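Colleague: Coordinates in entry-v8.pdb, PDB, C-alpha atoms (C1' of nucleotides), are listed below.
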```
ATOM      1  CA  MET A  21     -64.813   0.914   9.127
ATOM      2  CA  THR A  22     -65.670   4.217  10.650
ATOM      3  CA  PRO A  23     -64.623   5.526  14.077
ATOM      4  CA  LEU A  24     -67.461   5.642  16.557
ATOM      5  CA  PRO A  25     -68.662   9.258  16.713
ATOM      6  CA  ARG A  26     -68.500  11.370  19.842
ATOM      7  CA  SER A  27     -72.252  10.963  20.266
ATOM      8  CA  PHE A  28     -71.833   7.213  20.700
ATOM      9  CA  TYR A  29     -69.909   7.792  23.911
ATOM     10  CA  ASP A  30     -72.070  10.617  25.186
ATOM     11  CA  ARG A  31     -74.487   8.343  27.059
ATOM     12  CA  ASP A  32     -74.760   6.320  30.250
ATOM     13  CA  PRO A  33     -71.932   3.746  30.404
ATOM     14  CA  ARG A  34     -74.464   1.008  31.153
ATOM     15  CA  VAL A  35     -75.914   1.693  27.724
ATOM     16  CA  VAL A  36     -72.603   2.212  25.955
ATOM     17  CA  ALA A  37     -70.886  -0.869  27.405
ATOM     18  CA  PRO A  38     -72.990  -3.619  25.813
ATOM     19  CA  GLU A  39     -73.005  -1.706  22.528
ATOM     20  CA  LEU A  40     -69.204  -1.718  22.490
ATOM     21  CA  LEU A  41     -69.216  -5.509  22.181
ATOM     22  CA  GLY A  42     -68.184  -6.407  18.637
ATOM     23  CA  LYS A  43     -66.507  -3.057  17.934
ATOM     24  CA  LEU A  44     -62.840  -2.892  17.001
ATOM     25  CA  LEU A  45     -60.137  -1.327  19.108
ATOM     26  CA  ALA A  46     -57.549  -0.179  16.579
ATOM     27  CA  ARG A  47     -54.118   1.399  16.538
ATOM     28  CA  ASP A  48     -52.682   3.373  13.655
ATOM     29  CA  ASP A  49     -49.943   0.762  13.165
ATOM     30  CA  GLY A  50     -52.471  -1.867  12.094
ATOM     31  CA  ARG A  51     -53.170  -3.595  15.371
ATOM     32  CA  SER A  52     -56.856  -4.264  15.921
ATOM     33  CA  ALA A  53     -58.965  -6.476  18.147
ATOM     34  CA  ARG A  54     -62.672  -7.095  18.543
ATOM     35  CA  ILE A  55     -63.996  -6.061  21.951
ATOM     36  CA  VAL A  56     -65.616  -9.043  23.673
ATOM     37  CA  GLU A  57     -65.837  -7.989  27.326
ATOM     38  CA  VAL A  58     -66.458  -4.653  29.067
ATOM     39  CA  GLU A  59     -67.483  -3.166  32.403
ATOM     40  CA  ALA A  60     -69.381   0.045  33.138
ATOM     41  CA  TYR A  61     -68.342   2.455  35.920
ATOM     42  CA  ALA A  62     -70.974   4.975  36.890
ATOM     43  CA  GLY A  63     -69.268   7.809  38.751
ATOM     44  CA  ALA A  64     -70.913   9.264  41.836
ATOM     45  CA  GLU A  65     -73.516   6.519  42.068
ATOM     46  CA  ASP A  66     -70.973   3.694  41.838
ATOM     47  CA  ALA A  67     -68.812   2.999  44.894
ATOM     48  CA  ALA A  68     -66.514   0.813  42.787
ATOM     49  CA  ALA A  69     -65.640   3.615  40.357
ATOM     50  CA  HIS A  70     -62.379   5.533  40.648
ATOM     51  CA  SER A  71     -64.495   8.623  40.071
ATOM     52  CA  TYR A  72     -66.875   7.856  42.959
ATOM     53  CA  ARG A  73     -65.535  10.585  45.256
ATOM     54  CA  GLY A  74     -65.191  13.267  42.634
ATOM     55  CA  PRO A  75     -62.318  14.371  40.431
ATOM     56  CA  THR A  76     -58.687  13.938  41.506
ATOM     57  CA  PRO A  77     -55.521  14.433  39.460
ATOM     58  CA  ARG A  78     -55.628  10.752  38.562
ATOM     59  CA  THR A  79     -59.276  10.678  37.458
ATOM     60  CA  ALA A  80     -59.431  14.102  35.807
ATOM     61  CA  VAL A  81     -59.819  12.552  32.341
ATOM     62  CA  MET A  82     -62.936  10.670  33.469
ATOM     63  CA  PHE A  83     -64.583  13.991  34.193
ATOM     64  CA  GLY A  84     -63.668  15.414  30.817
ATOM     65  CA  PRO A  85     -65.521  15.075  27.505
ATOM     66  CA  PRO A  86     -66.639  11.639  26.243
ATOM     67  CA  GLY A  87     -64.736   9.591  23.697
ATOM     68  CA  HIS A  88     -61.367   9.963  25.368
ATOM     69  CA  LEU A  89     -59.219   7.308  26.995
ATOM     70  CA  TYR A  90     -58.929   7.087  30.775
ATOM     71  CA  VAL A  91     -55.766   5.096  31.476
ATOM     72  CA  TYR A  92     -54.820   4.120  35.017
ATOM     73  CA  PHE A  93     -51.898   2.320  36.622
ATOM     74  CA  THR A  94     -52.581  -0.360  39.201
ATOM     75  CA  TYR A  95     -50.940  -3.070  41.296
ATOM     76  CA  GLY A  96     -47.629  -1.345  40.793
ATOM     77  CA  MET A  97     -47.227  -2.677  37.269
ATOM     78  CA  HIS A  98     -50.338  -2.731  35.104
ATOM     79  CA  TRP A  99     -52.091  -0.217  32.867
ATOM     80  CA  CYS A 100     -55.792  -0.464  32.040
ATOM     81  CA  ALA A 101     -57.885   1.532  29.572
ATOM     82  CA  ASN A 102     -61.404   2.929  29.689
ATOM     83  CA  ALA A 103     -63.554   4.853  27.237
ATOM     84  CA  VAL A 104     -64.883   7.981  28.954
ATOM     85  CA  CYS A 105     -68.662   8.266  28.560
ATOM     86  CA  GLY A 106     -71.473  10.707  29.142
ATOM     87  CA  PRO A 107     -71.383  14.472  29.473
ATOM     88  CA  ALA A 108     -68.244  16.027  30.963
ATOM     89  CA  GLY A 109     -68.445  16.145  34.737
ATOM     90  CA  GLU A 110     -70.116  12.773  35.325
ATOM     91  CA  GLY A 111     -67.005  10.640  35.724
ATOM     92  CA  TRP A 112     -68.489   7.799  33.695
ATOM     93  CA  GLY A 113     -66.511   5.216  31.776
ATOM     94  CA  VAL A 114     -66.315   1.750  30.285
ATOM     95  CA  LEU A 115     -63.368  -0.505  31.102
ATOM     96  CA  LEU A 116     -62.129  -2.496  28.110
ATOM     97  CA  ARG A 117     -61.603  -5.923  29.648
ATOM     98  CA  ALA A 118     -60.908  -8.294  26.781
ATOM     99  CA  ALA A 119     -60.710  -8.483  23.000
ATOM    100  CA  GLU A 120     -60.206 -10.956  20.219
ATOM    101  CA  PRO A 121     -57.106 -10.136  18.154
ATOM    102  CA  VAL A 122     -57.962  -9.432  14.507
ATOM    103  CA  ALA A 123     -54.892  -7.862  12.888
ATOM    104  CA  GLY A 124     -51.363  -6.869  13.762
ATOM    105  CA  LEU A 125     -50.863  -9.993  15.852
ATOM    106  CA  GLU A 126     -47.119  -9.820  15.276
ATOM    107  CA  ALA A 127     -46.900  -6.487  17.051
ATOM    108  CA  MET A 128     -49.127  -7.738  19.861
ATOM    109  CA  ARG A 129     -46.949 -10.782  20.406
ATOM    110  CA  ALA A 130     -43.884  -8.564  20.495
ATOM    111  CA  ALA A 131     -45.571  -6.321  23.053
ATOM    112  CA  ARG A 132     -46.583  -9.318  25.176
ATOM    113  CA  PRO A 133     -43.755 -11.834  25.275
ATOM    114  CA  ALA A 134     -45.371 -13.477  28.309
ATOM    115  CA  ALA A 135     -48.471 -14.513  26.374
ATOM    116  CA  ARG A 136     -48.480 -18.266  25.987
ATOM    117  CA  SER A 137     -50.889 -18.215  23.072
ATOM    118  CA  ASP A 138     -52.733 -15.728  20.883
ATOM    119  CA  ARG A 139     -55.737 -16.330  23.081
ATOM    120  CA  ASP A 140     -53.913 -14.580  25.908
ATOM    121  CA  LEU A 141     -52.885 -11.499  23.939
ATOM    122  CA  CYS A 142     -55.869  -9.363  24.946
ATOM    123  CA  ARG A 143     -57.641 -11.563  27.509
ATOM    124  CA  GLY A 144     -57.833  -9.240  30.520
ATOM    125  CA  PRO A 145     -57.694  -5.458  30.876
ATOM    126  CA  ALA A 146     -53.958  -5.174  31.577
ATOM    127  CA  ARG A 147     -53.108  -7.702  28.874
ATOM    128  CA  LEU A 148     -55.225  -5.792  26.390
ATOM    129  CA  ALA A 149     -53.447  -2.553  27.248
ATOM    130  CA  GLN A 150     -50.068  -4.236  26.976
ATOM    131  CA  ALA A 151     -50.881  -5.825  23.601
ATOM    132  CA  PHE A 152     -51.646  -2.352  22.240
ATOM    133  CA  ASP A 153     -48.724  -0.676  24.050
ATOM    134  CA  ILE A 154     -51.170   1.531  25.925
ATOM    135  CA  ASP A 155     -49.667   3.268  28.945
ATOM    136  CA  GLY A 156     -49.835   6.566  30.803
ATOM    137  CA  THR A 157     -48.785   8.517  27.749
ATOM    138  CA  HIS A 158     -52.180   7.663  26.237
ATOM    139  CA  GLY A 159     -54.156   9.138  29.104
ATOM    140  CA  GLY A 160     -56.731  11.457  27.565
ATOM    141  CA  ALA A 161     -56.148  10.200  24.017
ATOM    142  CA  ASP A 162     -59.072  11.074  21.756
ATOM    143  CA  LEU A 163     -60.696   7.902  20.409
ATOM    144  CA  VAL A 164     -62.618   9.848  17.778
ATOM    145  CA  GLU A 165     -59.777  11.701  16.078
ATOM    146  CA  GLY A 166     -56.228  12.900  16.478
ATOM    147  CA  SER A 167     -54.679  10.054  18.467
ATOM    148  CA  PRO A 168     -53.164   6.689  17.482
ATOM    149  CA  LEU A 169     -56.101   4.842  19.039
ATOM    150  CA  ARG A 170     -59.645   4.436  17.749
ATOM    151  CA  ILE A 171     -62.722   2.326  18.280
ATOM    152  CA  LEU A 172     -64.151   1.361  14.908
ATOM    153  CA  ASP A 173     -67.472   0.027  13.699
ATOM    154  CA  ASP A 174     -66.970  -2.515  10.915
ATOM    155  CA  GLY A 175     -70.649  -3.348  10.713
ATOM    156  CA  THR A 176     -70.540  -6.198  13.215
ATOM    157  CA  PRO A 177     -73.596  -5.785  15.428
ATOM    158  CA  PRO A 178     -73.394  -6.248  19.196
ATOM    159  CA  PRO A 179     -74.849  -9.559  20.395
ATOM    160  CA  ALA A 180     -78.653  -9.473  20.480
ATOM    161  CA  THR A 181     -78.473 -10.941  23.969
ATOM    162  CA  PRO A 182     -75.172 -10.074  25.629
ATOM    163  CA  ALA A 183     -74.222 -11.976  28.759
ATOM    164  CA  ALA A 184     -74.163  -9.861  31.927
ATOM    165  CA  GLY A 185     -72.927 -10.342  35.463
ATOM    166  CA  PRO A 186     -71.019  -8.785  38.362
ATOM    167  CA  ARG A 187     -67.782  -6.964  37.696
ATOM    168  CA  ILE A 188     -64.424  -8.554  38.420
ATOM    169  CA  GLY A 189     -61.813  -7.645  41.010
ATOM    170  CA  ILE A 190     -63.829  -5.081  42.969
ATOM    171  CA  SER A 191     -64.892  -5.133  46.610
ATOM    172  CA  ARG A 192     -67.427  -2.307  46.781
ATOM    173  CA  ALA A 193     -70.673  -2.417  44.819
ATOM    174  CA  ALA A 194     -69.700  -5.971  43.936
ATOM    175  CA  GLU A 195     -73.287  -7.015  43.201
ATOM    176  CA  ALA A 196     -74.052  -4.609  40.360
ATOM    177  CA  PRO A 197     -74.243  -6.638  37.130
ATOM    178  CA  TRP A 198     -72.359  -4.091  35.071
ATOM    179  CA  ARG A 199     -70.032  -6.450  33.227
ATOM    180  CA  TRP A 200     -71.055  -7.550  29.761
ATOM    181  CA  TRP A 201     -69.500 -10.055  27.389
ATOM    182  CA  ILE A 202     -70.180 -11.933  24.178
ATOM    183  CA  PRO A 203     -71.731 -15.227  25.213
ATOM    184  CA  GLY A 204     -69.511 -18.204  24.545
ATOM    185  CA  ASN A 205     -66.634 -16.144  23.235
ATOM    186  CA  ARG A 206     -63.343 -17.801  24.031
ATOM    187  CA  PHE A 207     -61.423 -14.525  24.380
ATOM    188  CA  VAL A 208     -63.448 -13.378  27.405
ATOM    189  CA  SER A 209     -61.289 -13.163  30.535
ATOM    190  CA  ARG A 210     -63.553 -15.374  32.670
TER     191      ARG A 210
ATOM    192  C1'  DG B  16     -46.012  11.682  57.098
ATOM    193  C1'  DG B  17     -47.636   6.784  57.324
ATOM    194  C1'  DT B  18     -50.225   3.258  55.437
ATOM    195  C1'  DA B  19     -53.561   0.068  53.249
ATOM    196  C1'  DA B  20     -55.692  -1.351  49.247
ATOM    197  C1'  DG B  21     -55.902  -1.741  44.575
ATOM    198  C1'  DA B  22     -61.082  -2.144  37.960
ATOM    199  C1'  DT B  23     -54.129  -7.624  37.671
ATOM    200  C1'  DC B  24     -51.016 -11.091  35.948
ATOM    201  C1'  DA B  25     -47.676 -14.825  35.732
ATOM    202  C1'  DG B  26     -45.441 -18.590  37.658
ATOM    203  C1'  DC B  27     -45.164 -22.245  41.107
TER     204       DC B  27
ATOM    205  C1'  DC C   9     -52.290 -19.788  45.528
ATOM    206  C1'  DT C  10     -48.986 -16.346  46.090
ATOM    207  C1'  DG C  11     -45.529 -12.727  45.039
ATOM    208  C1'  DA C  12     -44.531  -8.754  42.380
ATOM    209  C1'  DT C  13     -44.408  -3.696  42.677
ATOM    210  C1'  DC C  14     -45.782   1.244  43.382
ATOM    211  C1'  DT C  15     -49.307   4.855  43.088
ATOM    212  C1'  DT C  16     -53.161   6.977  45.086
ATOM    213  C1'  DA C  17     -56.049   8.383  48.527
ATOM    214  C1'  DC C  18     -57.249   8.629  53.098
ATOM    215  C1'  DC C  19     -56.196   9.332  57.936
ATOM    216  C1'  DA C  20     -53.580  11.092  61.800
TER     217       DA C  20
END
```
Would you put the structure from the file into structure tokens?
Modeller:
Amino acid sequence: MTPLPRSFYDRDPRVVAPELLGKLLARDDGRSARIVEVEAYAGAEDAAAHSYRGPTPRTAVMFGPPGHLYVYFTYGMHWCANAVCGPAGEGWGVLLRAAEPVAGLEAMRAARPAARSDRDLCRGPARLAQAFDIDGTHGGADLVEGSPLRILDDGTPPPATPAAGPRIGISRAAEAPWRWWIPGNRFVSR
DNA sequence: GGTAAGATCAGC
DNA sequence: CTGATCTTACCA
């Protein structure tokens, strides 16, 4: 159970994303969930990325050092979380789209009263953020040390053959197959 | 200064 | 399928 080191994140998000499958998102209060679905966003070469047109106040964290959390607010009500990747300045990141709850389910249920079953606790990027009580205050949180949030390696390897396909909910660069998930996993959002 | 679209979700 | 709800970024 060791936190992923900074070097893990310091690579292209299209390499990092599939390797994040099977890792554990964890909070210092005991909540943890196994990551089963992710999407890569590739900065200046990716028209679907928030960072596509360069840094803005909102996306500043994406252009900072890797291994930090880029949290954004969307649709007037939802927070979503990304792991910043690559060298500072690239604007690369991996959106955490879905996870399988492992521990601290009580706290997740309390954070997500709308969830109809445990399957829905972390099934979708905004649900995942809500289950972990992630919001704007966690923008820039260090996933390696010094914040309540971590991504841990418990020895579970990523799938040998992850499923891949187009990303969800975007209109530009909609063809790029930069979404990865654990094949057959029931906690994947789609 | 106005406006359109948005890396979504829940309920009908 | 649609309404909710509001921030950001882009354009005039």
Colleague: Could you tell me which residues of chain C sit within 7 Å of chain A when counting all atoms listed in the file, and give me the result as a list of chain:residue names?
Modeller: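 Residues satisfying the distance criterion: C:DT13, C:DC14, C:DT15.
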Colleague: Which centre and which edge lengths, in Å to one decimal, describe the axis-aligned box that holds all listed atoms of range 178-186 of chain A after 4 Å is added on each side, as JSON?
Modeller:
```
{"center_x": -74.8, "center_y": -9.1, "center_z": 28.8, "size_x": 15.6, "size_y": 13.7, "size_z": 27.2}
```
Colleague: Mind giving me the straight-line distance from CA of Ala184 in chain A to CA of Arg31 in chain A in Å, one decimal?
Modeller: 18.8 Å
Colleague: Evaluating the PyMOL selection byres ((chain B) within 12 of (chain A)) on the displayed file yields which residues, as a PyMOL selection string?
Modeller: chain B and resi 20-26
Colleague: Just to confirm, what's the straight-line distance from CA of Gly63 in chain A to CA of Trp112 in chain A in Å (one decimal)?
Modeller: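 It comes out at 5.1 Å.
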Colleague: Selected by the PyMOL selection byres ((chain A and resi 200-202) around 12) in the shown coordinates: which residues, as a PyMOL selection string?
Modeller: chain A and resi 33-43+54-60+114-120+143+177-188+196-199+203-210
Colleague: Quick one: distance from CA of Ala123 in chain A to CA of Gln150 in chain A in Å, one decimal?
Modeller: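 Going from CA of Ala123 in chain A over to CA of Gln150 in chain A covers 15.3 Å.
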Colleague: Would you pick out the contacts of DG17 in chain B at 12 Å or less, using only C-alpha atoms (C1' of nucleotides), so that residues sharing its chain but fewer than 5 positions from it are not included, and give the list as JSON, numbers by chain?
Modeller: {"C": [18, 19, 20]}
Colleague: Tell me which of A:Pro25, A:Gly50, A:Gly74, A:Gly124 sits closest to DA17 in chain C, counting all atoms listed in the file.
Modeller: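 So, comparing all the options, the nearest one is A:Gly74.
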Colleague: Take the PyMOL selection byres ((chain A and resi 106) around 6), apply it to the structure above, and return the hits as a list of chain:residue names.
Modeller: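 Expected selection for the PyMOL selection byres ((chain A and resi 106) around 6) here is A:Asp30, A:Arg31, A:Asp32, A:Pro86, A:Cys105, A:Pro107.
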Colleague: Some atoms are absent from range 174-190 of chain A, so rebuild N, CA and C atoms and return them as a PDB file, keeping the file's coordinate frame.
Modeller:
```pdb
ATOM      1  N   ASP A 174     -67.143  -1.880  12.222  1.00  0.00           N
ATOM      2  CA  ASP A 174     -66.970  -2.515  10.915  1.00  0.00           C
ATOM      3  C   ASP A 174     -68.261  -3.177  10.460  1.00  0.00           C
ATOM      4  N   GLY A 175     -69.360  -2.812  11.110  1.00  0.00           N
ATOM      5  CA  GLY A 175     -70.649  -3.348  10.713  1.00  0.00           C
ATOM      6  C   GLY A 175     -71.086  -4.547  11.536  1.00  0.00           C
ATOM      7  N   THR A 176     -70.175  -5.072  12.344  1.00  0.00           N
ATOM      8  CA  THR A 176     -70.540  -6.198  13.215  1.00  0.00           C
ATOM      9  C   THR A 176     -71.472  -5.699  14.302  1.00  0.00           C
ATOM     10  N   PRO A 177     -72.679  -6.256  14.393  1.00  0.00           N
ATOM     11  CA  PRO A 177     -73.596  -5.785  15.428  1.00  0.00           C
ATOM     12  C   PRO A 177     -73.212  -6.352  16.790  1.00  0.00           C
ATOM     13  N   PRO A 178     -73.592  -5.661  17.865  1.00  0.00           N
ATOM     14  CA  PRO A 178     -73.394  -6.248  19.196  1.00  0.00           C
ATOM     15  C   PRO A 178     -74.288  -7.481  19.312  1.00  0.00           C
ATOM     16  N   PRO A 179     -73.979  -8.393  20.230  1.00  0.00           N
ATOM     17  CA  PRO A 179     -74.849  -9.559  20.395  1.00  0.00           C
ATOM     18  C   PRO A 179     -76.266  -9.123  20.756  1.00  0.00           C
ATOM     19  N   ALA A 180     -77.258  -9.811  20.185  1.00  0.00           N
ATOM     20  CA  ALA A 180     -78.653  -9.473  20.480  1.00  0.00           C
ATOM     21  C   ALA A 180     -78.934  -9.661  21.961  1.00  0.00           C
ATOM     22  N   THR A 181     -78.302 -10.669  22.541  1.00  0.00           N
ATOM     23  CA  THR A 181     -78.473 -10.941  23.969  1.00  0.00           C
ATOM     24  C   THR A 181     -77.114 -11.097  24.629  1.00  0.00           C
ATOM     25  N   PRO A 182     -76.485  -9.973  24.991  1.00  0.00           N
ATOM     26  CA  PRO A 182     -75.172 -10.074  25.629  1.00  0.00           C
ATOM     27  C   PRO A 182     -75.293 -10.727  27.002  1.00  0.00           C
ATOM     28  N   ALA A 183     -74.250 -11.442  27.406  1.00  0.00           N
ATOM     29  CA  ALA A 183     -74.222 -11.976  28.759  1.00  0.00           C
ATOM     30  C   ALA A 183     -73.878 -10.849  29.710  1.00  0.00           C
ATOM     31  N   ALA A 184     -74.427 -10.907  30.934  1.00  0.00           N
ATOM     32  CA  ALA A 184     -74.163  -9.861  31.927  1.00  0.00           C
ATOM     33  C   ALA A 184     -73.963 -10.492  33.291  1.00  0.00           C
ATOM     34  N   GLY A 185     -73.152  -9.830  34.112  1.00  0.00           N
ATOM     35  CA  GLY A 185     -72.927 -10.342  35.463  1.00  0.00           C
ATOM     36  C   GLY A 185     -72.114  -9.351  36.259  1.00  0.00           C
ATOM     37  N   PRO A 186     -71.779  -9.694  37.498  1.00  0.00           N
ATOM     38  CA  PRO A 186     -71.019  -8.785  38.362  1.00  0.00           C
ATOM     39  C   PRO A 186     -69.633  -8.508  37.810  1.00  0.00           C
ATOM     40  N   ARG A 187     -69.110  -7.350  38.152  1.00  0.00           N
ATOM     41  CA  ARG A 187     -67.782  -6.964  37.696  1.00  0.00           C
ATOM     42  C   ARG A 187     -66.699  -7.726  38.461  1.00  0.00           C
ATOM     43  N   ILE A 188     -65.514  -7.746  37.878  1.00  0.00           N
ATOM     44  CA  ILE A 188     -64.424  -8.554  38.420  1.00  0.00           C
ATOM     45  C   ILE A 188     -63.410  -7.711  39.181  1.00  0.00           C
ATOM     46  N   GLY A 189     -62.938  -8.260  40.300  1.00  0.00           N
ATOM     47  CA  GLY A 189     -61.813  -7.645  41.010  1.00  0.00           C
ATOM     48  C   GLY A 189     -62.155  -6.439  41.849  1.00  0.00           C
ATOM     49  N   ILE A 190     -63.445  -6.227  42.147  1.00  0.00           N
ATOM     50  CA  ILE A 190     -63.829  -5.081  42.969  1.00  0.00           C
ATOM     51  C   ILE A 190     -64.373  -5.581  44.298  1.00  0.00           C
TER      52      ILE A 190
END
```
